[in-house]
Amino acid sequence: MRLSHILALLTCQHLAAQFRASEFQIYPAPNTADFATRGTLGNNPGEILMEVPATHFSGIGQDNTGTGTILIGFRHVLQERASATGNTYSLLVRRGTGGRPSTDSAGILMQTSTLTGPPSSGNAAWIITYDLATPSAALPTCDTFYFGVETSPATSFTGLAWHMVTTGGPARGDNPAESPLVPNLAWDRVSGSLVPRQPPVCAYNMSVRVLAPVLNVGNVDPSWSNGSAINFTSYGLGGMWPQVSGTRSDGLACRVRDANNANGSFVVFASSGVVCPGSPLGNLATGALYLTPSVLVPVASASLTNTGEGTALIAAPASLPTALSNHTLHLQAFTLGIGATLPGHLSNRASTRFL
């Protein structure tokens, strides 16, 4: 189901106007979807979560010191089946335990109060941006975490569902390597259950909003026929697990978001090693460096648009050697404002595992 049908923008703004948030998500492109779903919940109440694995990310939303984080809010795309009053849900962040989301109240790092979906007389999709009244420090800098929604029950006539993309079938809204080594980052849990479950491999269109710059890696596959892909590039699961062996030889791209330095510029550095906690760079940059500082190689640079987003090609399709298969490359962006004056600003670390 595409967003070309009924769309609306609902924004809840509680922060001072000087703050401009950048969105982190694990999703191929912002305004695309294969389906709207409640995962494995059926009509039950429960949680729908996206995993942010420490194997691939650290320092999301890091503060100026690089020792903590600042979470401003959330963005998500929901589908509302006919409801005159609106259905309820909340937004939350959970810690991980044993390779899966925690299931007890102690595992909740933060949760909003109850929200109400927009009332509708028919089937409608909504892009909802919700900013917190008080910024949160809930996001871990170095550990795997999970974020998403806790939703009310549904019926056959009314209820909330969330937009998502799959990695298989004719829709194939995301495009990771065609390999069983690509894990599923989508999780669901029926309220009261101590056992989280996973739907078929997919990604939910959900974001966390932060003040720090955001970096995602993308894979470039000219054979991918998804109509919503921009330049055949996925900044979701595809960028985390590109394919450089067998039937495909993906290229590599990067996307940087830094709303607070719109019309500025960025450089992306690569390294074979990671450090966490990160290393502050003093007056050179806000935030911390999560790459091994002795092995830094600049691999891409570009300008940021007036919205603070920029993309660049790191390697063209069919240019990466198959020897990279089963190796991981770690990247981090450094952004500058219009005047290119120091200090600059460091993004999160984003890694890609070649398959």
# chains A, B, ... in the order shown; residues from 1 in each chain; ligands from 1
>>> closest_atom_pairs(of="segment 137-229 of chain A", to="segment 17-40 of chain A", cutoff="7 Å", atoms="only C-alpha atoms", output="tab-separated table")
residue	atom	partner	partner_atom	distance
A:Ala161	CA	A:Thr37	CA	4.8
A:Trp162	CA	A:Ala36	CA	5.0
A:His163	CA	A:Ala36	CA	4.3
A:Met164	CA	A:Ala33	CA	5.3
A:Val165	CA	A:Asp34	CA	4.9
A:Thr166	CA	A:Asp34	CA	6.7
A:Ala171	CA	A:Asp34	CA	6.1
A:Gly173	CA	A:Asp34	CA	6.1
A:Asp174	CA	A:Pro28	CA	5.8
A:Asp188	CA	A:Thr40	CA	6.4
A:Pro199	CA	A:Gly39	CA	5.6
A:Ala203	CA	A:Tyr27	CA	6.3
A:Asn205	CA	A:Tyr27	CA	6.3
A:Met206	CA	A:Gln25	CA	6.2
A:Ser207	CA	A:Gln25	CA	4.6
A:Val208	CA	A:Phe24	CA	5.4
A:Arg209	CA	A:Glu23	CA	4.5
A:Val210	CA	A:Ala21	CA	5.1
A:Leu211	CA	A:Ala21	CA	4.9
A:Pro213	CA	A:Ser22	CA	6.6
A:Val214	CA	A:Phe24	CA	6.1
A:Ser228	CA	A:Thr32	CA	6.0
A:Ala229	CA	A:Ala29	CA	6.7
>>> write_last_selection(atoms="N, CA and C atoms", output="PDB file, in the first residue's frame")
ATOM      1  N   ALA A 161      -2.826   0.176  12.357  1.00  0.00           N
ATOM      2  CA  ALA A 161      -1.786  -0.663  11.759  1.00  0.00           C
ATOM      3  C   ALA A 161      -0.649   0.260  11.322  1.00  0.00           C
ATOM      4  N   TRP A 162       0.535  -0.325  11.123  1.00  0.00           N
ATOM      5  CA  TRP A 162       1.721   0.484  10.829  1.00  0.00           C
ATOM      6  C   TRP A 162       2.313   0.118   9.483  1.00  0.00           C
ATOM      7  N   HIS A 163       2.771   1.128   8.753  1.00  0.00           N
ATOM      8  CA  HIS A 163       3.326   0.908   7.431  1.00  0.00           C
ATOM      9  C   HIS A 163       4.679   0.206   7.530  1.00  0.00           C
ATOM     10  N   MET A 164       4.914  -0.685   6.566  1.00  0.00           N
ATOM     11  CA  MET A 164       6.126  -1.496   6.586  1.00  0.00           C
ATOM     12  C   MET A 164       6.518  -1.876   5.168  1.00  0.00           C
ATOM     13  N   VAL A 165       7.749  -2.366   5.027  1.00  0.00           N
ATOM     14  CA  VAL A 165       8.227  -2.938   3.775  1.00  0.00           C
ATOM     15  C   VAL A 165       8.736  -4.346   4.043  1.00  0.00           C
ATOM     16  N   THR A 166       8.613  -5.193   3.036  1.00  0.00           N
ATOM     17  CA  THR A 166       9.101  -6.561   3.121  1.00  0.00           C
ATOM     18  C   THR A 166      10.423  -6.678   2.361  1.00  0.00           C
ATOM     19  N   ALA A 171       6.518  -7.453  -3.945  1.00  0.00           N
ATOM     20  CA  ALA A 171       6.609  -6.082  -3.433  1.00  0.00           C
ATOM     21  C   ALA A 171       8.059  -5.702  -3.165  1.00  0.00           C
ATOM     22  N   GLY A 173       9.924  -4.213  -0.842  1.00  0.00           N
ATOM     23  CA  GLY A 173      10.167  -2.799  -0.612  1.00  0.00           C
ATOM     24  C   GLY A 173      11.535  -2.486  -0.042  1.00  0.00           C
ATOM     25  N   ASP A 174      12.231  -3.477   0.494  1.00  0.00           N
ATOM     26  CA  ASP A 174      13.618  -3.310   0.911  1.00  0.00           C
ATOM     27  C   ASP A 174      14.451  -4.373   0.218  1.00  0.00           C
ATOM     28  N   ASP A 188       7.423  -8.122  17.724  1.00  0.00           N
ATOM     29  CA  ASP A 188       6.086  -7.858  18.254  1.00  0.00           C
ATOM     30  C   ASP A 188       5.948  -8.601  19.579  1.00  0.00           C
ATOM     31  N   PRO A 199       7.483 -11.167  13.026  1.00  0.00           N
ATOM     32  CA  PRO A 199       6.782 -11.421  11.773  1.00  0.00           C
ATOM     33  C   PRO A 199       7.789 -11.829  10.710  1.00  0.00           C
ATOM     34  N   ALA A 203      10.545  -4.235   7.787  1.00  0.00           N
ATOM     35  CA  ALA A 203      10.960  -3.046   8.533  1.00  0.00           C
ATOM     36  C   ALA A 203       9.765  -2.119   8.640  1.00  0.00           C
ATOM     37  N   ASN A 205       7.995   1.604   9.244  1.00  0.00           N
ATOM     38  CA  ASN A 205       8.306   3.007   8.953  1.00  0.00           C
ATOM     39  C   ASN A 205       8.175   3.823  10.233  1.00  0.00           C
ATOM     40  N   MET A 206       9.203   3.741  11.058  1.00  0.00           N
ATOM     41  CA  MET A 206       9.260   4.434  12.342  1.00  0.00           C
ATOM     42  C   MET A 206      10.618   5.104  12.478  1.00  0.00           C
ATOM     43  N   SER A 207      10.655   6.247  13.142  1.00  0.00           N
ATOM     44  CA  SER A 207      11.899   6.997  13.324  1.00  0.00           C
ATOM     45  C   SER A 207      11.989   7.519  14.746  1.00  0.00           C
ATOM     46  N   VAL A 208      13.228   7.721  15.199  1.00  0.00           N
ATOM     47  CA  VAL A 208      13.464   8.539  16.387  1.00  0.00           C
ATOM     48  C   VAL A 208      14.047   9.863  15.907  1.00  0.00           C
ATOM     49  N   ARG A 209      13.682  10.931  16.590  1.00  0.00           N
ATOM     50  CA  ARG A 209      14.111  12.273  16.217  1.00  0.00           C
ATOM     51  C   ARG A 209      15.154  12.766  17.223  1.00  0.00           C
ATOM     52  N   VAL A 210      16.294  13.193  16.706  1.00  0.00           N
ATOM     53  CA  VAL A 210      17.418  13.560  17.566  1.00  0.00           C
ATOM     54  C   VAL A 210      18.011  14.886  17.093  1.00  0.00           C
ATOM     55  N   LEU A 211      18.844  15.495  17.945  1.00  0.00           N
ATOM     56  CA  LEU A 211      19.492  16.751  17.582  1.00  0.00           C
ATOM     57  C   LEU A 211      20.779  16.537  16.812  1.00  0.00           C
ATOM     58  N   PRO A 213      23.621  14.886  14.144  1.00  0.00           N
ATOM     59  CA  PRO A 213      23.551  14.390  12.772  1.00  0.00           C
ATOM     60  C   PRO A 213      23.295  12.882  12.741  1.00  0.00           C
ATOM     61  N   VAL A 214      22.673  12.432  11.671  1.00  0.00           N
ATOM     62  CA  VAL A 214      22.302  11.024  11.501  1.00  0.00           C
ATOM     63  C   VAL A 214      22.931  10.492  10.215  1.00  0.00           C
ATOM     64  N   SER A 228       9.657   2.864  -5.588  1.00  0.00           N
ATOM     65  CA  SER A 228       9.883   3.943  -4.629  1.00  0.00           C
ATOM     66  C   SER A 228      11.355   4.148  -4.315  1.00  0.00           C
ATOM     67  N   ALA A 229      12.211   3.283  -4.815  1.00  0.00           N
ATOM     68  CA  ALA A 229      13.643   3.430  -4.548  1.00  0.00           C
ATOM     69  C   ALA A 229      14.191   4.637  -5.287  1.00  0.00           C
TER      70      ALA A 229
END
>>> select_by_dssp(residues="segment 202-325 of chain A", states="strand (DSSP E or B)", output="NGL selection string")
:A and (202-204 or 206-210 or 214-220 or 230 or 233-234 or 251-257 or 265-271 or 274-280 or 285-286 or 288-291 or 297-303 or 309-315)
>>> closest_atom_pairs(of="segment 105-172 of chain A", to="segment 267-281 of chain A", cutoff="10 Å", atoms="only C-alpha atoms", output="CSV")
residue,atom,partner,partner_atom,distance
A:Thr141,CA,A:Pro277,CA,7.3
A:Cys142,CA,A:Cys276,CA,6.0
A:Asp143,CA,A:Cys276,CA,9.4
>>> atom_distance(atom1="atom CA of Arg189 of chain A", atom2="atom CA of Gly159 of chain A")
16.7 Å
>>> residues_around(residues="Thr352 of chain A", least_positions_apart="2", cutoff="9 Å", atoms="only C-alpha atoms", output="PDB file with all heavy atoms, in the first residue's frame")
ATOM      1  N   HIS A  56      25.667  -2.610  14.277  1.00  0.00           N
ATOM      2  CA  HIS A  56      25.628  -1.679  13.156  1.00  0.00           C
ATOM      3  C   HIS A  56      25.555  -0.201  13.549  1.00  0.00           C
ATOM      4  O   HIS A  56      25.836   0.660  12.713  1.00  0.00           O
ATOM      5  CB  HIS A  56      24.439  -2.006  12.251  1.00  0.00           C
ATOM      6  CG  HIS A  56      24.677  -3.182  11.348  1.00  0.00           C
ATOM      7  ND1 HIS A  56      24.737  -4.480  11.822  1.00  0.00           N
ATOM      8  CD2 HIS A  56      24.889  -3.257  10.012  1.00  0.00           C
ATOM      9  CE1 HIS A  56      24.963  -5.296  10.798  1.00  0.00           C
ATOM     10  NE2 HIS A  56      25.065  -4.584   9.707  1.00  0.00           N
ATOM     11  N   VAL A 217      23.818   4.053   5.874  1.00  0.00           N
ATOM     12  CA  VAL A 217      24.495   3.520   4.694  1.00  0.00           C
ATOM     13  C   VAL A 217      23.440   2.931   3.775  1.00  0.00           C
ATOM     14  O   VAL A 217      22.453   2.339   4.232  1.00  0.00           O
ATOM     15  CB  VAL A 217      25.529   2.453   5.087  1.00  0.00           C
ATOM     16  CG1 VAL A 217      26.287   1.958   3.857  1.00  0.00           C
ATOM     17  CG2 VAL A 217      26.498   3.003   6.119  1.00  0.00           C
ATOM     18  N   GLY A 218      23.632   3.079   2.469  1.00  0.00           N
ATOM     19  CA  GLY A 218      22.703   2.513   1.494  1.00  0.00           C
ATOM     20  C   GLY A 218      23.407   1.578   0.533  1.00  0.00           C
ATOM     21  O   GLY A 218      24.599   1.754   0.243  1.00  0.00           O
ATOM     22  N   GLY A 239      21.175  -1.318   3.065  1.00  0.00           N
ATOM     23  CA  GLY A 239      22.440  -0.673   3.357  1.00  0.00           C
ATOM     24  C   GLY A 239      23.209  -1.332   4.474  1.00  0.00           C
ATOM     25  O   GLY A 239      24.441  -1.206   4.557  1.00  0.00           O
ATOM     26  N   MET A 240      22.505  -2.051   5.347  1.00  0.00           N
ATOM     27  CA  MET A 240      23.167  -2.743   6.449  1.00  0.00           C
ATOM     28  C   MET A 240      23.770  -4.061   6.003  1.00  0.00           C
ATOM     29  O   MET A 240      24.778  -4.505   6.554  1.00  0.00           O
ATOM     30  CB  MET A 240      22.166  -2.967   7.582  1.00  0.00           C
ATOM     31  CG  MET A 240      21.633  -1.674   8.177  1.00  0.00           C
ATOM     32  SD  MET A 240      20.231  -1.923   9.306  1.00  0.00           S
ATOM     33  CE  MET A 240      21.055  -2.711  10.703  1.00  0.00           C
ATOM     34  N   TRP A 241      23.143  -4.695   4.988  1.00  0.00           N
ATOM     35  CA  TRP A 241      23.632  -5.982   4.480  1.00  0.00           C
ATOM     36  C   TRP A 241      23.592  -5.974   2.957  1.00  0.00           C
ATOM     37  O   TRP A 241      22.735  -6.603   2.332  1.00  0.00           O
ATOM     38  CB  TRP A 241      22.782  -7.129   5.030  1.00  0.00           C
ATOM     39  CG  TRP A 241      23.007  -7.373   6.495  1.00  0.00           C
ATOM     40  CD1 TRP A 241      24.030  -8.070   7.066  1.00  0.00           C
ATOM     41  CD2 TRP A 241      22.186  -6.903   7.583  1.00  0.00           C
ATOM     42  NE1 TRP A 241      23.905  -8.066   8.435  1.00  0.00           N
ATOM     43  CE2 TRP A 241      22.787  -7.358   8.791  1.00  0.00           C
ATOM     44  CE3 TRP A 241      21.014  -6.160   7.670  1.00  0.00           C
ATOM     45  CZ2 TRP A 241      22.247  -7.083  10.038  1.00  0.00           C
ATOM     46  CZ3 TRP A 241      20.475  -5.882   8.916  1.00  0.00           C
ATOM     47  CH2 TRP A 241      21.096  -6.343  10.085  1.00  0.00           C
ATOM     48  N   PRO A 242      24.536  -5.270   2.311  1.00  0.00           N
ATOM     49  CA  PRO A 242      24.601  -5.289   0.842  1.00  0.00           C
ATOM     50  C   PRO A 242      25.186  -6.606   0.329  1.00  0.00           C
ATOM     51  O   PRO A 242      25.864  -7.329   1.069  1.00  0.00           O
ATOM     52  CB  PRO A 242      25.523  -4.114   0.532  1.00  0.00           C
ATOM     53  CG  PRO A 242      26.409  -4.004   1.734  1.00  0.00           C
ATOM     54  CD  PRO A 242      25.568  -4.427   2.911  1.00  0.00           C
ATOM     55  N   HIS A 327      32.803  -9.328   5.504  1.00  0.00           N
ATOM     56  CA  HIS A 327      33.579  -8.313   6.203  1.00  0.00           C
ATOM     57  C   HIS A 327      32.685  -7.111   6.497  1.00  0.00           C
ATOM     58  O   HIS A 327      31.713  -6.851   5.787  1.00  0.00           O
ATOM     59  CB  HIS A 327      34.794  -7.877   5.384  1.00  0.00           C
ATOM     60  CG  HIS A 327      35.875  -8.906   5.316  1.00  0.00           C
ATOM     61  ND1 HIS A 327      35.808 -10.012   4.496  1.00  0.00           N
ATOM     62  CD2 HIS A 327      37.050  -9.008   5.978  1.00  0.00           C
ATOM     63  CE1 HIS A 327      36.895 -10.744   4.650  1.00  0.00           C
ATOM     64  NE2 HIS A 327      37.672 -10.158   5.544  1.00  0.00           N
ATOM     65  N   THR A 328      33.035  -6.366   7.533  1.00  0.00           N
ATOM     66  CA  THR A 328      32.237  -5.224   7.970  1.00  0.00           C
ATOM     67  C   THR A 328      33.044  -3.940   7.843  1.00  0.00           C
ATOM     68  O   THR A 328      34.226  -3.896   8.193  1.00  0.00           O
ATOM     69  CB  THR A 328      31.794  -5.398   9.433  1.00  0.00           C
ATOM     70  OG1 THR A 328      31.036  -6.610   9.556  1.00  0.00           O
ATOM     71  CG2 THR A 328      30.912  -4.230   9.881  1.00  0.00           C
ATOM     72  N   LEU A 329      32.387  -2.901   7.321  1.00  0.00           N
ATOM     73  CA  LEU A 329      32.982  -1.573   7.216  1.00  0.00           C
ATOM     74  C   LEU A 329      32.196  -0.623   8.119  1.00  0.00           C
ATOM     75  O   LEU A 329      30.964  -0.630   8.127  1.00  0.00           O
ATOM     76  CB  LEU A 329      32.931  -1.084   5.770  1.00  0.00           C
ATOM     77  CG  LEU A 329      33.622   0.246   5.460  1.00  0.00           C
ATOM     78  CD1 LEU A 329      35.132   0.120   5.636  1.00  0.00           C
ATOM     79  CD2 LEU A 329      33.277   0.702   4.041  1.00  0.00           C
ATOM     80  N   HIS A 330      32.914   0.185   8.878  1.00  0.00           N
ATOM     81  CA  HIS A 330      32.289   1.103   9.826  1.00  0.00           C
ATOM     82  C   HIS A 330      32.469   2.539   9.342  1.00  0.00           C
ATOM     83  O   HIS A 330      33.567   2.920   8.898  1.00  0.00           O
ATOM     84  CB  HIS A 330      32.908   0.937  11.208  1.00  0.00           C
ATOM     85  CG  HIS A 330      32.982  -0.475  11.670  1.00  0.00           C
ATOM     86  ND1 HIS A 330      31.864  -1.183  12.073  1.00  0.00           N
ATOM     87  CD2 HIS A 330      34.035  -1.343  11.770  1.00  0.00           C
ATOM     88  CE1 HIS A 330      32.223  -2.407  12.424  1.00  0.00           C
ATOM     89  NE2 HIS A 330      33.532  -2.531  12.238  1.00  0.00           N
ATOM     90  N   LEU A 331      31.413   3.346   9.437  1.00  0.00           N
ATOM     91  CA  LEU A 331      31.459   4.704   8.912  1.00  0.00           C
ATOM     92  C   LEU A 331      30.890   5.696   9.916  1.00  0.00           C
ATOM     93  O   LEU A 331      30.054   5.347  10.747  1.00  0.00           O
ATOM     94  CB  LEU A 331      30.677   4.793   7.594  1.00  0.00           C
ATOM     95  CG  LEU A 331      31.154   3.859   6.475  1.00  0.00           C
ATOM     96  CD1 LEU A 331      30.188   2.695   6.335  1.00  0.00           C
ATOM     97  CD2 LEU A 331      31.296   4.591   5.158  1.00  0.00           C
ATOM     98  N   ALA A 350      27.631   4.135  11.710  1.00  0.00           N
ATOM     99  CA  ALA A 350      26.784   3.220  10.953  1.00  0.00           C
ATOM    100  C   ALA A 350      27.687   2.221  10.236  1.00  0.00           C
ATOM    101  O   ALA A 350      28.650   2.619   9.581  1.00  0.00           O
ATOM    102  CB  ALA A 350      25.923   3.980   9.941  1.00  0.00           C
ATOM    103  N   PHE A 354      29.063  -6.762   4.425  1.00  0.00           N
ATOM    104  CA  PHE A 354      28.965  -7.258   3.055  1.00  0.00           C
ATOM    105  C   PHE A 354      28.690  -8.764   3.050  1.00  0.00           C
ATOM    106  O   PHE A 354      29.315  -9.519   3.796  1.00  0.00           O
ATOM    107  CB  PHE A 354      30.252  -6.966   2.299  1.00  0.00           C
ATOM    108  CG  PHE A 354      30.585  -5.505   2.166  1.00  0.00           C
ATOM    109  CD1 PHE A 354      31.533  -4.912   2.994  1.00  0.00           C
ATOM    110  CD2 PHE A 354      29.941  -4.718   1.211  1.00  0.00           C
ATOM    111  CE1 PHE A 354      31.837  -3.569   2.867  1.00  0.00           C
ATOM    112  CE2 PHE A 354      30.237  -3.368   1.094  1.00  0.00           C
ATOM    113  CZ  PHE A 354      31.185  -2.791   1.922  1.00  0.00           C
TER     114      PHE A 354
END
>>> atom_distance(atom1="atom CA of Trp126 of chain A", atom2="atom CA of Arg95 of chain A")
27.5 Å
>>> residues_around(residues="Thr144 of chain A", least_positions_apart="5", cutoff="9 Å", atoms="only C-alpha atoms", output="PDB file with C-alpha atoms, in the first residue's frame")
ATOM      1  CA  GLU A  51      15.599  -3.311  16.665  1.00  0.00           C
ATOM      2  CA  VAL A  52      18.622  -1.015  16.426  1.00  0.00           C
ATOM      3  CA  PRO A  53      21.533  -3.478  16.697  1.00  0.00           C
ATOM      4  CA  ALA A  54      24.823  -2.465  18.310  1.00  0.00           C
ATOM      5  CA  THR A  55      26.589  -4.448  15.582  1.00  0.00           C
ATOM      6  CA  PHE A  57      24.963   1.496  15.151  1.00  0.00           C
ATOM      7  CA  SER A  58      26.287   3.452  18.106  1.00  0.00           C
ATOM      8  CA  ARG A  95      16.521  -2.163  26.187  1.00  0.00           C
ATOM      9  CA  GLY A  96      17.534  -5.551  24.849  1.00  0.00           C
ATOM     10  CA  THR A  97      18.164  -8.783  26.721  1.00  0.00           C
ATOM     11  CA  GLY A  99      19.261 -10.915  21.677  1.00  0.00           C
TER      12      GLY A  99
END
>>> closest_residue(among="A:Ala316, A:Asn306, A:Gly282, A:Cys202", to="Asn231 of chain A", atoms="only C-alpha atoms")
A:Ala316
>>> residues_around(residues="segment 247-260 of chain A", least_positions_apart="6", cutoff="7 Å", atoms="only C-alpha atoms", output="JSON, numbers by chain")
{"A": [20, 21, 22, 212, 213, 214, 215, 216, 217, 218, 219, 220, 221, 307, 308, 309, 310, 311, 312, 313, 314, 315, 316, 317, 318, 319, 320]}
>>> atom_distance(atom1="atom CA of Thr114 of chain A", atom2="atom CA of Gly73 of chain A")
14.5 Å
>>> residues_around(residues="Gln111 of chain A", least_positions_apart="5", cutoff="7 Å", atoms="only C-alpha atoms", output="number ranges by chain")
A: 90-93
>>> write_last_selection(atoms="N, CA and C atoms", output="CSV table (one decimal), in the first residue's frame")
chain,number,residue,atom,x,y,z
A,90,SER,N,0.9,4.3,22.5
A,90,SER,CA,2.0,5.1,23.1
A,90,SER,C,3.2,4.8,22.3
A,91,LEU,N,4.3,5.6,22.5
A,91,LEU,CA,5.6,5.4,21.9
A,91,LEU,C,6.6,5.0,23.0
A,92,LEU,N,7.5,4.1,22.7
A,92,LEU,CA,8.4,3.7,23.7
A,92,LEU,C,9.8,3.2,23.2
A,93,VAL,N,10.7,3.2,24.1
A,93,VAL,CA,12.1,2.7,23.8
A,93,VAL,C,12.4,1.6,24.9
>>> closest_residue(among="A:Thr65, A:Asn43, A:Ser121, A:Asn261", to="Thr151 of chain A", atoms="only C-alpha atoms")
A:Asn43
